[in-house]
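Colleague: Sending over a structure as structure tokens; questions will come in a sec.
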Amino acid sequence: MELYDLLQECQPFYRMLKRHSLTAIVSKLELDPVLPLEKNRKILVWVGGQLVPREDAKVSVFDSIVQGGDGVWEGLRIYNGKIFKLDEHLDRLFDSAKAMAFVNIPTRDEVKHAIFSTLIVNGMLDCVHVRMTLTRGKKVTSGMSPSLNLYGCTLIILAEWKPPVYNNSSGIRLVTASTRRNSPNCLDSKIHHNNLINNILAKVEGNLAGADDAIMLDVDGFVSETNATNIFLVKKGVIFTPHPDFCLPGITRRTVIDLARERGYTVVERRISITEFYTADEVWTTGTMGEITPVVEIDGRSIGESVAGPISTKLQGYYAELAENEGVSIPVNDCL
């Protein structure tokens, strides 16, 4: 332990030598897997006030995100040099942090600076997804109590080149999970928190069934959302979507509702059974990462004609036009 300080100083040099060693000193499990997009292998990530290479983008084992999933997050999309719905996402981030009683939270301008800096240094101005995470921060010792968090929050900005994650042309297949969506009696989905075990268990069911995602019902058996997105249906020209009681009131969900109503469609928010989804004329999901995604099958039942329907196709066009023309411009010339 007398050499502890020296060990800390030598670690960066050791990692550099390890990367360039002639003899492999890593196990097969440590070999880099193939990435969905290879150009994401060399990116810089904002972690706790610094931009660091992907492989050095880590938080302390004492951070609350490691100790208990104690953090809040948002997803952002970048279109044509602009961040779509940035202020709405920041509003929800700060609301979630307040509901979680975070202290020493970075300011709105500090968060924006971190986002802009990360995007600019990586040259990411289009077809980009940003995962923005705010943890309660590092603890002075391992434990659950927020009273141990004396360092302030940790801000993470992870930007990746990432097109929509679903097949928005041919559509996706869903199954109904046995895992129920959290009730506000237990954990309110209005807090956009990082403790996603509820959703992950449903996603595991979807993966094992060979589906793209899984529908989650509420405790009374009505449809809430999928494990990752909000969900809509069309019946005889009327659009329906579940009340945001158990599900997250998504920003893309609200955008789609507004776009539909502006163009004369009736949109009804109410409790909806899974049977109504089976017999719908159209179904689609919404989310920042996937945008608007047609659903062509649920639990083995074909939806409509098993192709993207006319209303979802039109809304995809309206959404794309809005995303292309609106948003907060990335200040490329004056941020860094």
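Residues are referred to by chain and number: the chain letter is A, B, ... according to the order shown in the structure tokens, the number counts from 1 in that chain, and ligands are numbered separately from 1 in the order shown.
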Can you pull out the residues contacting Arg54 in chain A? Cut-off 8 Å, using only C-alpha atoms, and skip same-chain residues under 6 positions away; I want them as a list in words.

Modeller: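 The neighbour list is Arg41, Lys42, Ile43, Leu44 and Val45 of chain A.
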
Colleague: What lies within 12 Å of Asp188 in chain A using only C-alpha atoms, ignoring chain neighbours under 5 positions off, as JSON, numbers by chain?

Modeller: {"A": [96, 99, 100, 181, 182, 183, 193, 195, 198, 244, 245, 246, 247, 248, 249]}

Colleague: I need the residue nearest Lys98 in chain A from this list: A:Gly81, A:Gly300, A:Gly71, A:Gly48. Use only C-alpha atoms for the distance.

Modeller: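 Selected residue with least distance to Lys98 in chain A: A:Gly71.
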
Colleague: So which one's closest to Gly221 in chain A, A:Lys162, A:Arg136, A:Arg180, A:His89? Using only C-alpha atoms, please.

Modeller: A:Arg180

Colleague: Near Met124 in chain A, counting only C-alpha atoms, which residues have an atom at most 9 Å away, once you skip same-chain residues fewer than 3 positions from it, shown as a list in words?

Modeller: Ile78, Gly81, Thr118, Leu119, Ile120, Val121, Cys127, Val128, Ala159, Glu160 and Trp161 of chain A

Colleague: Pull the alpha helix (DSSP H) assignments for range 215-313 of chain A out of DSSP run on the backbone, and list those residues as number ranges by chain.

Modeller: A: 251-262, 274-278, 310-313

Colleague: Can you check which parts of range 174-203 of chain A lie within 12 Å of range 275-280 of chain A? Per residue, the shortest pair of atoms and distance in Å to one decimal, counting only C-alpha atoms, sorted by chain and number, as a tab-separated table.

Modeller:
```
residue	atom	partner	partner_atom	distance
A:Leu174	CA	A:Tyr278	CA	10.8
A:Val175	CA	A:Tyr278	CA	10.9
A:Thr176	CA	A:Phe277	CA	10.9
```

Colleague: Excluding same-chain residues fewer than 6 positions from Ser306 in chain A, what lies within 8 Å of it counting only C-alpha atoms, as a ChimeraX atom specification?

Modeller: /A:295-297

Colleague: Looking only at strand (DSSP E) from DSSP on the backbone, list the matching residues of range 58-178 of chain A as a PyMOL selection string.

Modeller: chain A and resi 71-79+82-84+128-135+154-161+172-176

Colleague: Write the residues of the preceding selection, restricted to C-alpha atoms, as a CSV table (one decimal), in the first residue's frame.

Modeller:
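Saved to selection07.csv:
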```csv
chain,number,residue,atom,x,y,z
A,71,GLY,CA,-29.8,7.8,-12.0
A,72,VAL,CA,-32.1,9.5,-14.5
A,73,TRP,CA,-31.6,9.6,-18.3
A,74,GLU,CA,-32.8,10.9,-21.6
A,75,GLY,CA,-32.4,10.0,-25.3
A,76,LEU,CA,-31.8,12.6,-27.9
A,77,ARG,CA,-31.8,12.5,-31.7
A,78,ILE,CA,-29.7,14.7,-34.0
A,79,TYR,CA,-31.1,15.7,-37.4
A,82,LYS,CA,-30.0,20.2,-34.8
A,83,ILE,CA,-31.1,18.5,-31.6
A,84,PHE,CA,-34.8,17.6,-31.8
A,128,VAL,CA,-26.9,10.4,-34.3
A,129,HIS,CA,-28.5,9.2,-31.0
A,130,VAL,CA,-27.4,10.6,-27.6
A,131,ARG,CA,-27.8,8.8,-24.3
A,132,MET,CA,-27.7,11.4,-21.6
A,133,THR,CA,-27.4,10.1,-18.0
A,134,LEU,CA,-27.3,12.0,-14.7
A,135,THR,CA,-26.4,9.9,-11.7
A,154,THR,CA,-22.1,12.6,-12.5
A,155,LEU,CA,-23.1,13.6,-16.0
A,156,ILE,CA,-22.6,11.2,-18.9
A,157,ILE,CA,-23.1,12.1,-22.5
A,158,LEU,CA,-22.8,9.1,-24.9
A,159,ALA,CA,-23.3,10.0,-28.5
A,160,GLU,CA,-23.3,7.3,-31.2
A,161,TRP,CA,-23.9,7.1,-34.9
A,172,ILE,CA,-41.9,-5.4,-36.3
A,173,ARG,CA,-43.4,-8.4,-34.4
A,174,LEU,CA,-44.5,-8.1,-30.8
A,175,VAL,CA,-45.4,-10.6,-28.1
A,176,THR,CA,-47.2,-10.0,-24.8
```

Colleague: Mind checking which residues fall within 8 Å of Gly68 in chain A, counting only C-alpha atoms, ignoring those fewer than 3 positions away in the same chain, and posting them as number ranges by chain?

Modeller: A: 64-65, 144, 195

Colleague: Work out how far CA of Asn40 in chain A is from CA of Ser117 in chain A, in Å to one decimal.

Modeller: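 So the two atoms, CA of Ser117 in chain A and CA of Asn40 in chain A, lie 16.8 Å apart.
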
Colleague: Nearest residue to Lys236 in chain A out of A:Ile292, A:Gly304, A:Thr179, A:Arg254, using only C-alpha atoms?

Modeller: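 The answer is A:Gly304, which sits nearest to Lys236 in chain A.
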
Colleague: Could you check which of A:Met1, A:Ile298, A:Met289, A:Leu17 is closest to Asn167 in chain A, using only C-alpha atoms?

Modeller: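 Ranked by minimum distance to Asn167 in chain A, first place goes to A:Met289.
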